[in-house]
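Listing of entry_30.cif; format and content: mmCIF, C-alpha atoms.
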```
data_structure
#
loop_
_atom_site.label_atom_id
_atom_site.label_comp_id
_atom_site.auth_asym_id
_atom_site.auth_seq_id
_atom_site.Cartn_x
_atom_site.Cartn_y
_atom_site.Cartn_z
CA LEU A 1 150.23 99.90 86.63
CA SER A 2 146.79 99.84 88.24
CA LEU A 3 143.13 100.73 87.75
CA ARG A 4 141.35 103.13 90.04
CA SER A 5 139.11 101.22 92.49
CA THR A 6 139.55 97.97 90.53
CA ALA A 7 141.92 95.08 91.20
CA THR A 8 143.93 93.51 88.40
CA ALA A 9 145.40 90.04 88.16
CA PRO A 10 148.13 88.99 88.39
CA ALA A 11 149.81 91.47 90.72
CA PHE A 12 151.82 94.00 88.76
CA SER A 13 155.34 93.17 87.70
CA PRO A 14 157.43 95.20 85.20
CA ASP A 15 158.07 91.97 83.30
CA THR A 16 154.39 90.96 83.03
CA PHE A 17 152.63 92.53 80.07
CA LEU A 18 149.09 91.11 80.22
CA TYR A 19 146.55 91.66 83.03
CA ALA A 20 142.86 91.05 83.56
CA ALA A 21 140.15 92.79 85.58
CA ASN A 22 136.41 92.38 86.09
CA VAL A 23 134.00 95.22 86.84
CA SER A 24 130.28 95.40 87.53
CA HIS A 25 127.82 96.61 84.94
CA ASP A 26 127.41 99.96 86.65
CA THR A 27 131.10 100.71 86.11
CA ALA A 28 130.94 102.60 82.82
CA SER A 29 134.56 103.78 82.74
CA VAL A 30 137.93 103.35 84.42
CA ARG A 31 141.04 105.41 84.97
CA VAL A 32 144.46 103.88 84.46
CA PHE A 33 147.36 104.79 86.74
CA ALA A 34 150.68 104.25 84.95
CA GLU A 35 154.07 105.21 86.35
CA PRO A 36 157.20 104.49 84.29
CA PHE A 37 160.06 102.62 85.97
CA ASP A 38 162.51 105.17 84.56
CA ALA A 39 161.48 108.71 85.44
CA ARG A 40 163.30 109.84 82.30
CA ALA A 41 160.89 107.91 80.04
CA GLN A 42 159.80 110.13 77.22
CA ALA A 43 156.09 109.26 77.18
CA VAL A 44 153.31 107.05 78.60
CA ARG A 45 150.18 106.60 76.53
CA VAL A 46 146.88 104.89 77.37
CA ASN A 47 145.01 103.80 74.25
CA ALA A 48 147.32 106.14 72.29
CA VAL A 49 146.43 109.14 74.46
CA LEU A 50 149.42 110.80 76.13
CA ILE A 51 149.16 110.92 79.93
CA GLN A 52 152.80 111.59 80.87
CA GLY A 53 155.83 112.97 79.05
CA VAL A 54 156.36 115.07 75.91
CA ASP A 55 154.77 114.35 72.54
CA VAL A 56 157.20 116.03 70.14
CA GLY A 57 155.53 114.86 66.96
CA GLY A 58 152.06 115.95 67.92
CA ASP A 59 149.70 118.66 66.80
CA ALA A 60 149.18 117.55 63.19
CA GLY A 61 152.90 116.98 62.61
CA ARG A 62 153.85 120.63 62.93
CA GLY A 63 156.52 119.82 65.52
CA VAL A 64 154.67 121.48 68.39
CA ALA A 65 155.56 119.82 71.69
CA ARG A 66 152.69 118.79 73.99
CA GLU A 67 153.57 117.97 77.58
CA SER A 68 151.57 116.04 80.18
CA LYS A 69 152.55 115.20 83.76
CA ALA A 70 149.43 113.36 85.02
CA PRO A 71 150.11 109.85 86.38
CA TYR A 72 146.62 108.68 85.41
CA SER A 73 144.54 108.62 82.26
CA ARG A 74 141.28 110.32 81.54
CA ASP A 75 138.13 108.22 82.05
CA THR A 76 138.29 105.34 79.61
CA PRO A 77 134.77 104.23 78.58
CA LEU A 78 133.87 100.56 78.85
CA ARG A 79 131.38 98.66 76.76
CA VAL A 80 129.61 95.57 78.05
CA GLY A 81 131.85 92.55 77.68
CA ARG A 82 135.57 92.49 76.88
CA ASN A 83 137.59 95.72 76.66
CA VAL A 84 141.32 96.05 76.00
CA VAL A 85 143.30 98.96 77.42
CA ALA A 86 146.80 99.36 75.94
CA VAL A 87 149.47 101.19 77.95
CA GLU A 88 152.54 102.12 75.89
CA VAL A 89 155.78 103.34 77.48
CA THR A 90 158.38 105.10 75.34
CA ALA A 91 161.89 104.99 76.80
CA HIS A 92 164.24 107.92 77.20
CA ASP A 93 165.97 107.03 73.90
CA ALA A 94 162.64 107.64 72.09
CA SER A 95 163.01 104.41 70.10
CA THR A 96 162.44 101.64 72.67
CA LYS A 97 158.78 100.95 73.40
CA LEU A 98 156.93 98.43 75.58
CA GLU A 99 153.20 97.80 75.63
CA TYR A 100 151.21 96.54 78.61
CA ARG A 101 147.64 95.33 78.07
CA VAL A 102 144.76 95.16 80.55
CA GLU A 103 141.71 93.13 79.51
CA ILE A 104 138.71 94.50 81.39
CA THR A 105 135.44 92.58 81.39
CA ARG A 106 132.37 94.67 82.16
CA ALA A 107 129.50 92.50 83.38
CA TYR A 108 126.22 92.33 81.56
CA PRO A 109 123.32 93.90 83.47
CA GLY A 110 121.33 91.60 85.74
CA VAL A 111 117.92 90.42 84.53
CA ASP A 112 116.69 88.77 87.75
CA VAL A 113 113.22 90.13 88.64
CA GLU A 114 112.26 87.75 91.45
CA LEU A 115 111.26 88.65 94.99
CA GLN A 116 113.15 86.95 97.78
CA PHE A 117 110.95 88.21 100.63
CA LEU A 118 107.48 89.71 100.99
CA GLN A 119 105.61 90.47 104.19
CA VAL A 120 102.73 92.71 105.35
CA THR A 121 103.29 93.91 108.91
CA ARG A 122 102.24 96.47 111.48
CA VAL A 123 104.58 98.13 113.97
CA SER A 124 103.10 99.12 117.33
CA SER A 125 104.70 101.00 120.21
CA ALA A 126 104.04 100.95 123.95
CA VAL A 127 105.63 102.77 126.89
CA VAL A 128 106.99 100.09 129.21
CA GLY A 129 108.78 102.20 131.81
CA GLN A 130 110.91 105.23 132.49
CA SER A 131 114.62 105.93 132.69
CA MET A 132 116.10 109.28 133.75
CA GLY A 133 112.71 110.91 133.33
CA MET A 134 112.20 109.60 129.80
CA GLY A 135 109.74 106.97 128.70
CA LEU A 136 111.08 103.59 127.58
CA VAL A 137 109.27 102.54 124.42
CA SER A 138 108.93 98.94 123.28
CA ARG A 139 108.19 98.30 119.60
CA SER A 140 106.73 95.08 118.25
CA ARG A 141 105.96 93.96 114.72
CA ALA A 142 102.81 91.95 113.94
CA THR A 143 102.68 89.98 110.68
CA TYR A 144 99.57 89.36 108.60
CA ALA A 145 99.37 86.03 106.78
CA LEU A 146 99.27 86.09 102.98
CA THR A 147 96.92 83.78 101.08
CA PRO A 148 98.41 81.91 99.37
CA ALA A 149 101.59 82.16 101.42
CA PHE A 150 104.54 83.84 99.75
CA VAL A 151 107.28 81.33 98.90
CA ALA A 152 110.56 82.62 97.49
CA PRO A 153 111.52 80.74 94.32
CA ALA A 154 114.62 78.58 94.39
CA ALA A 155 117.83 79.84 92.82
CA GLY A 156 117.39 80.02 89.07
CA ALA A 157 113.62 79.45 89.29
CA SER A 158 110.77 81.93 88.76
CA ALA A 159 107.75 82.57 90.96
CA THR A 160 104.45 81.44 89.45
CA VAL A 161 102.14 82.80 92.18
CA LEU A 162 101.86 86.55 91.72
CA GLU A 163 98.51 87.24 93.44
CA HIS A 164 98.13 87.25 97.22
CA ALA A 165 95.55 88.51 99.69
CA THR A 166 95.45 89.48 103.35
CA ALA A 167 93.14 91.36 105.71
CA VAL A 168 93.42 93.57 108.78
CA GLU A 169 90.95 94.45 111.49
CA TYR A 170 89.00 97.70 111.45
CA ARG A 171 91.16 99.11 114.24
CA VAL A 172 94.27 98.88 112.00
CA ARG A 173 94.83 102.03 109.94
CA ASP A 174 98.52 101.70 109.04
CA VAL A 175 100.59 98.79 107.69
CA SER A 176 104.10 98.33 106.39
CA VAL A 177 105.09 96.16 103.44
CA LEU A 178 108.57 94.64 103.57
CA ALA A 179 110.01 93.46 100.25
CA SER A 180 113.41 92.31 99.06
CA ALA A 181 114.61 91.38 95.57
CA ARG A 182 116.63 88.24 95.05
CA ASP A 183 119.24 90.22 93.11
CA PRO A 184 120.67 93.02 95.30
CA ARG A 185 121.23 95.06 92.11
CA ALA A 186 117.51 95.14 91.32
CA THR A 187 115.16 97.84 92.62
CA VAL A 188 111.81 97.38 94.36
CA THR A 189 108.92 99.84 94.05
CA MET A 190 105.29 99.78 95.13
CA ALA A 191 102.02 101.33 93.95
CA TYR A 192 98.72 101.57 95.83
CA THR A 193 95.29 101.37 94.17
CA ARG A 194 91.86 101.53 95.83
CA LEU A 195 89.61 98.76 94.52
CA GLU A 196 86.46 99.70 96.41
CA GLY A 197 85.34 102.11 99.07
CA TRP A 198 82.99 101.58 101.99
CA ALA A 199 83.67 105.02 103.43
CA GLY A 200 81.38 107.21 101.37
CA ASN A 201 83.58 109.53 99.30
CA ALA A 202 86.61 107.22 98.94
CA THR A 203 88.11 107.50 95.45
CA VAL A 204 88.13 104.14 93.69
CA GLY A 205 90.67 103.30 90.97
CA LEU A 206 93.17 105.99 91.96
CA THR A 207 96.75 104.70 91.83
CA LYS A 208 99.66 106.34 93.61
CA SER A 209 103.24 105.33 94.22
CA VAL A 210 104.41 104.64 97.77
CA GLU A 211 107.89 105.80 98.70
CA GLY A 212 110.08 103.08 100.13
CA LYS A 213 113.03 103.26 102.48
CA GLN A 214 115.83 100.88 103.33
CA THR A 215 115.26 99.27 106.71
CA ALA A 216 117.64 97.73 109.22
CA PHE A 217 115.05 95.01 109.87
CA SER A 218 116.55 91.66 108.84
CA PRO A 219 113.85 89.03 108.38
CA ASP A 220 114.57 85.34 108.84
CA GLY A 221 115.75 83.73 105.63
CA VAL A 222 117.08 86.95 104.10
CA ALA A 223 120.82 87.39 103.81
CA PRO A 224 122.08 90.36 105.87
CA ALA A 225 123.67 91.90 102.78
CA THR A 226 120.36 91.89 100.89
CA PRO A 227 118.60 95.26 101.13
CA VAL A 228 115.04 95.16 102.48
CA THR A 229 112.72 97.98 101.42
CA GLU A 230 109.90 99.09 103.72
CA PHE A 231 106.80 100.78 102.32
CA ASP A 232 104.51 102.54 104.81
CA VAL A 233 100.82 102.53 103.89
CA ASP A 234 99.11 105.09 106.14
CA GLY A 235 95.48 106.05 106.59
CA LEU A 236 93.84 102.87 105.30
CA LEU A 237 90.17 103.33 104.51
CA VAL A 238 87.67 100.53 104.98
CA GLY A 239 87.55 98.32 101.90
CA ARG A 240 89.96 96.67 99.48
CA VAL A 241 93.19 98.05 98.06
CA SER A 242 95.75 96.56 95.70
CA LEU A 243 99.43 96.78 96.55
CA ALA A 244 101.56 96.25 93.44
CA ILE A 245 105.17 95.38 94.31
CA THR A 246 107.42 95.62 91.26
CA VAL A 247 110.97 94.33 90.93
CA THR A 248 112.94 96.04 88.15
CA ALA A 249 116.15 94.31 87.13
CA GLU A 250 119.46 96.09 86.69
CA ASP A 251 118.64 95.81 83.00
CA THR A 252 115.58 98.03 83.24
CA ARG A 253 113.92 96.34 80.26
CA TYR A 254 112.93 93.54 82.63
CA SER A 255 110.43 93.82 85.50
CA LYS A 256 107.87 91.70 87.35
CA THR A 257 104.93 92.70 89.56
CA THR A 258 103.43 90.84 92.50
CA ASN A 259 100.01 91.99 93.73
CA VAL A 260 98.68 91.88 97.27
CA GLU A 261 94.97 92.57 97.80
CA LEU A 262 94.60 94.09 101.26
CA THR A 263 91.20 94.36 102.94
CA ARG A 264 90.46 96.51 105.94
CA TYR A 265 87.31 95.13 107.52
CA ARG A 266 84.24 97.15 108.33
CA PRO A 267 83.60 97.78 112.03
CA GLY A 268 82.05 94.61 113.40
CA GLY A 269 78.44 94.60 114.62
CA GLU A 270 78.69 91.20 116.27
CA ALA A 271 78.67 91.57 120.07
CA SER A 272 77.88 88.03 121.24
CA LEU A 273 80.14 85.53 122.98
CA ARG A 274 81.37 82.32 121.39
CA ASP A 275 82.22 80.70 124.72
CA LEU A 276 81.93 81.39 128.46
CA VAL A 277 83.56 79.29 131.17
CA VAL A 278 83.28 79.80 134.95
CA TYR A 279 85.97 78.55 137.35
CA GLY A 280 85.74 78.20 141.14
CA GLU A 281 88.73 78.97 143.34
CA PRO A 282 90.79 77.50 144.83
CA GLY A 283 91.56 74.66 142.46
CA SER A 284 90.19 75.98 139.14
CA ARG A 285 87.12 73.78 139.51
CA VAL A 286 84.44 74.00 136.82
CA PRO A 287 81.05 74.28 138.50
CA VAL A 288 77.73 73.40 136.91
CA MET A 289 76.31 76.27 134.84
CA LEU A 290 72.63 76.19 133.89
CA PRO A 291 71.54 76.35 131.21
CA ALA A 292 74.53 75.20 129.16
CA PHE A 293 76.23 78.06 127.36
CA ASP A 294 74.51 79.30 124.23
CA PRO A 295 75.38 82.59 122.47
CA GLU A 296 71.70 83.55 122.46
CA THR A 297 71.28 83.00 126.21
CA LEU A 298 72.24 86.00 128.33
CA GLU A 299 71.58 84.79 131.93
CA TYR A 300 72.93 81.74 133.77
CA ASN A 301 72.88 80.17 137.24
CA VAL A 302 76.01 78.61 138.69
CA THR A 303 76.05 76.22 141.65
CA LEU A 304 79.25 76.38 143.70
CA ASP A 305 80.73 73.95 146.24
CA PHE A 306 80.54 75.10 149.86
CA ASP A 307 84.31 75.68 150.07
CA THR A 308 84.50 77.84 146.94
CA GLU A 309 85.95 81.19 147.94
CA ALA A 310 85.96 83.03 144.61
CA VAL A 311 85.12 82.72 140.93
CA ARG A 312 86.64 83.88 137.67
CA VAL A 313 85.34 83.73 134.11
CA VAL A 314 86.90 83.25 130.68
CA PRO A 315 84.77 84.96 128.01
CA THR A 316 85.58 84.56 124.29
CA ALA A 317 84.04 86.95 121.77
CA GLU A 318 82.35 85.51 118.69
CA ASP A 319 83.90 88.14 116.40
CA ALA A 320 87.69 87.78 116.29
CA GLN A 321 87.94 91.53 115.78
CA HIS A 322 86.83 92.03 119.36
CA ARG A 323 90.18 91.74 121.09
CA ALA A 324 88.77 92.96 124.41
CA VAL A 325 85.64 92.45 126.52
CA ARG A 326 84.46 93.88 129.84
CA VAL A 327 83.82 91.81 132.95
CA ASN A 328 82.15 93.83 135.71
CA THR A 329 83.26 96.97 133.82
CA VAL A 330 86.91 95.80 133.81
CA MET A 331 88.47 95.64 130.33
CA GLN A 332 90.32 92.40 129.49
CA ARG A 333 91.41 90.36 126.49
CA SER A 334 88.95 88.02 124.82
CA GLY A 335 89.72 84.39 125.63
CA GLU A 336 91.68 85.19 128.80
CA SER A 337 90.75 84.81 132.43
CA SER A 338 89.21 87.64 134.41
CA ARG A 339 90.33 88.64 137.88
CA THR A 340 88.86 86.59 140.72
CA TYR A 341 85.69 87.76 142.47
CA PRO A 342 85.05 86.67 146.10
CA VAL A 343 81.74 84.93 146.80
CA ALA A 344 79.85 84.69 150.07
CA ALA A 345 78.13 81.57 151.36
#
```

Using the file provided, produce a representation of the structure as structure tokens.
Amino acid sequence: LSLRSTATAPAFSPDTFLYAANVSHDTASVRVFAEPFDARAQAVRVNAVLIQGVDVGGDAGRGVARESKAPYSRDTPLRVGRNVVAVEVTAHDASTKLEYRVEITRAYPGVDVELQFLQVTRVSSAVVGQSMGMGLVSRSRATYALTPAFVAPAAGASATVLEHATAVEYRVRDVSVLASARDPRATVTMAYTRLEGWAGNATVGLTKSVEGKQTAFSPDGVAPATPVTEFDVDGLLVGRVSLAITVTAEDTRYSKTTNVELTRYRPGGEASLRDLVVYGEPGSRVPVMLPAFDPETLEYNVTLDFDTEAVRVVPTAEDAQHRAVRVNTVMQRSGESSRTYPVAA
């Protein structure tokens, strides 16, 4: 005696007549496999429905024999909670009968609507070499901080902060939202709404759903068995958008939405420096620069020691969106040292 794809307890024994089994809520029916110990047994019934043997008294009592040879029952529907499946075996003598009972508990649907993980990221790729004539591509994932920071609620608790905000530079046109529900049985969806447009004909107030996909990315703090859904938001226009991440419980009557307001900045018009430092080589000495640095001052004089062989500069842009500056036409990162330039006496 067994259930298809479901374990029963205790293990079957011909002398044990009561068993128990637990199934998830999404299991709406079961099939019972019942094989009589004596192959000559006249009949096996599951919930009074013949699955094996000959039912001589059937068909409205007109004495018409109905025969079945299947070792398993039809699908037996399960309601939420406790269900009893009765398996009756009629012996070869047609008078001896034994009944086995399986109590099956179908779980109630989950109602957990909490997020366990939420992150706004951007994946970038770069060719880092070649192998057998093919480019080797390195992928990295940058994360944008949420304000206030997302904090997953403790077990049994509910999140009270449902509004977050973040921003990306003008150069960023695509982002990915990673989200995971606390209950693996729940589903996560996302909708995208433009709140304002700085790009002329951008449509404001239009809401559209964003298709998600399961990702192999396993963030820190998320159990490996918990599915993480990735939503790609492509072609960001300048301005603000709302990303509505909704968790719908297994019991679809329950849902909860967390909103992230995402701003893509306008192209920056600030081209000044916030800091400029000159170093003399060898020794990374800091020579006197006159006048002292001021963002509004564009020309300086530097006095070097007689044994200074070269100089390098560290320029830092005022606008954090400027990730790169040019020194003597050479592109470099803001806040990092330039190459060294030889100086003559």

Edge lengths and centre in Å to one decimal, as AutoDock Vina command-line options, is what I'm after for the box along x, y and z that holds all listed atoms of region 265-280 of chain A once 8 Å is added on each side.
```
--center_x 82.6 --center_y 88.0 --center_z 124.3 --size_x 25.4 --size_y 35.6 --size_z 49.6
```

May I have the protein, DNA and RNA residues with any atom at most 12 Å from the point (103.4, 92.6, 88.5), counting all atoms listed in the file, written as a PDB file with C-alpha atoms, in the coordinates of the input?
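Output file point.pdb follows:
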```
ATOM      1  CA  VAL A 113     113.220  90.130  88.640  1.00  0.00           C
ATOM      2  CA  GLU A 114     112.260  87.750  91.450  1.00  0.00           C
ATOM      3  CA  LEU A 115     111.260  88.650  94.990  1.00  0.00           C
ATOM      4  CA  ALA A 159     107.750  82.570  90.960  1.00  0.00           C
ATOM      5  CA  THR A 160     104.450  81.440  89.450  1.00  0.00           C
ATOM      6  CA  VAL A 161     102.140  82.800  92.180  1.00  0.00           C
ATOM      7  CA  LEU A 162     101.860  86.550  91.720  1.00  0.00           C
ATOM      8  CA  GLU A 163      98.510  87.240  93.440  1.00  0.00           C
ATOM      9  CA  HIS A 164      98.130  87.250  97.220  1.00  0.00           C
ATOM     10  CA  VAL A 188     111.810  97.380  94.360  1.00  0.00           C
ATOM     11  CA  THR A 189     108.920  99.840  94.050  1.00  0.00           C
ATOM     12  CA  MET A 190     105.290  99.780  95.130  1.00  0.00           C
ATOM     13  CA  ALA A 191     102.020 101.330  93.950  1.00  0.00           C
ATOM     14  CA  SER A 242      95.750  96.560  95.700  1.00  0.00           C
ATOM     15  CA  LEU A 243      99.430  96.780  96.550  1.00  0.00           C
ATOM     16  CA  ALA A 244     101.560  96.250  93.440  1.00  0.00           C
ATOM     17  CA  ILE A 245     105.170  95.380  94.310  1.00  0.00           C
ATOM     18  CA  THR A 246     107.420  95.620  91.260  1.00  0.00           C
ATOM     19  CA  VAL A 247     110.970  94.330  90.930  1.00  0.00           C
ATOM     20  CA  THR A 248     112.940  96.040  88.150  1.00  0.00           C
ATOM     21  CA  TYR A 254     112.930  93.540  82.630  1.00  0.00           C
ATOM     22  CA  SER A 255     110.430  93.820  85.500  1.00  0.00           C
ATOM     23  CA  LYS A 256     107.870  91.700  87.350  1.00  0.00           C
ATOM     24  CA  THR A 257     104.930  92.700  89.560  1.00  0.00           C
ATOM     25  CA  THR A 258     103.430  90.840  92.500  1.00  0.00           C
ATOM     26  CA  ASN A 259     100.010  91.990  93.730  1.00  0.00           C
ATOM     27  CA  VAL A 260      98.680  91.880  97.270  1.00  0.00           C
TER      28      VAL A 260
END
```

Apply the PyMOL selection byres ((chain A and resi 296) around 12) to the file shown and report the selected residues as a VMD selection string.
-> chain A and resid 271 to 275 291 to 295 297 to 300 318

So which residues get picked by the PyMOL selection byres ((chain A and resi 107) around 10) here, written as an mmCIF file with C-alpha atoms, in the frame of the given file?
```
data_model
loop_
_atom_site.group_PDB
_atom_site.id
_atom_site.type_symbol
_atom_site.label_atom_id
_atom_site.label_comp_id
_atom_site.auth_asym_id
_atom_site.auth_seq_id
_atom_site.Cartn_x
_atom_site.Cartn_y
_atom_site.Cartn_z
ATOM 1 C CA ASN A 22 136.410 92.380 86.090
ATOM 2 C CA VAL A 23 134.000 95.220 86.840
ATOM 3 C CA SER A 24 130.280 95.400 87.530
ATOM 4 C CA HIS A 25 127.820 96.610 84.940
ATOM 5 C CA ASP A 26 127.410 99.960 86.650
ATOM 6 C CA THR A 27 131.100 100.710 86.110
ATOM 7 C CA ARG A 79 131.380 98.660 76.760
ATOM 8 C CA VAL A 80 129.610 95.570 78.050
ATOM 9 C CA GLY A 81 131.850 92.550 77.680
ATOM 10 C CA ARG A 82 135.570 92.490 76.880
ATOM 11 C CA ILE A 104 138.710 94.500 81.390
ATOM 12 C CA THR A 105 135.440 92.580 81.390
ATOM 13 C CA ARG A 106 132.370 94.670 82.160
ATOM 14 C CA TYR A 108 126.220 92.330 81.560
ATOM 15 C CA PRO A 109 123.320 93.900 83.470
ATOM 16 C CA GLY A 110 121.330 91.600 85.740
#
```

Selection result for the PyMOL selection byres ((chain A and resi 142) around 12) on this file, as a ChimeraX atom specification | /A:119-125,139-141,143-145,168,172,174-177

Could you dump the residues just selected with C-alpha atoms as a CSV table (one decimal), in the frame of the given file?
```csv
chain,number,residue,atom,x,y,z
A,119,GLN,CA,105.6,90.5,104.2
A,120,VAL,CA,102.7,92.7,105.4
A,121,THR,CA,103.3,93.9,108.9
A,122,ARG,CA,102.2,96.5,111.5
A,123,VAL,CA,104.6,98.1,114.0
A,124,SER,CA,103.1,99.1,117.3
A,125,SER,CA,104.7,101.0,120.2
A,139,ARG,CA,108.2,98.3,119.6
A,140,SER,CA,106.7,95.1,118.2
A,141,ARG,CA,106.0,94.0,114.7
A,143,THR,CA,102.7,90.0,110.7
A,144,TYR,CA,99.6,89.4,108.6
A,145,ALA,CA,99.4,86.0,106.8
A,168,VAL,CA,93.4,93.6,108.8
A,172,VAL,CA,94.3,98.9,112.0
A,174,ASP,CA,98.5,101.7,109.0
A,175,VAL,CA,100.6,98.8,107.7
A,176,SER,CA,104.1,98.3,106.4
A,177,VAL,CA,105.1,96.2,103.4
```

Quote the spacing between CA of Ser209 (chain A) and CA of Ala157 (chain A) in Å to one decimal place.
-> 28.3 Å

Computed interatomic separation between CA of Ala43 (chain A) and CA of Lys97 (chain A) (Å) | 9.5 Å

To one decimal in Å, tell me the separation between CA of Thr316 (chain A) and CA of Glu261 (chain A).
->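 According to the coordinates, CA of Thr316 (chain A) and CA of Glu261 (chain A) are separated by 29.2 Å.
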
Between A:Arg194, A:His92, A:Arg4, A:Lys208, which one has atoms that come closest to Val44 (chain A), using all atoms listed in the file?
->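 Residue with the minimum atom-to-atom distance to Val44 (chain A): A:His92.
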
Near-Arg339 (chain A) list (9 Å; all atoms listed in the file; drop same-chain fewer than 2 positions) as a ChimeraX atom specification | /A:311-313,327,330,337,341

Quick one: residues within 8 Å of Asp112 (chain A), all atoms listed in the file counted, chain neighbours fewer than 6 positions away excluded, as a list in words?
->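 Counting all atoms listed in the file, the residues come to Arg182, Asp183, Ala186, Ala249, Glu250 and Tyr254 of chain A.
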
If you count only C-alpha atoms, which residues fall within 8 Å of Ala310 (chain A), apart from same-chain ones fewer than 4 positions away, as a list of chain:residue names?
->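 Non-adjacent residues within range: A:Gly280, A:Glu281, A:Pro282, A:Thr340, A:Tyr341, A:Pro342, A:Val343.
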
For Arg40 (chain A), work out the shell of residues within 10 Å, counting only C-alpha atoms and skipping chain neighbours fewer than 5 positions away, then give it as number ranges by chain.
-> A: 53, 90-93

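Distance annotation: of A:Leu78, A:Val30, A:Ala152, A:Val233, the residue with the minimal separation from Ser180 (chain A) is A:Ala152; atom set is all atoms listed in the file.
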
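Closest approach to Arg45 (chain A) from the set A:Thr6, A:Thr226, A:Gln214, A:Ser73 is made by A:Ser73, with distances taken over all atoms listed in the file.
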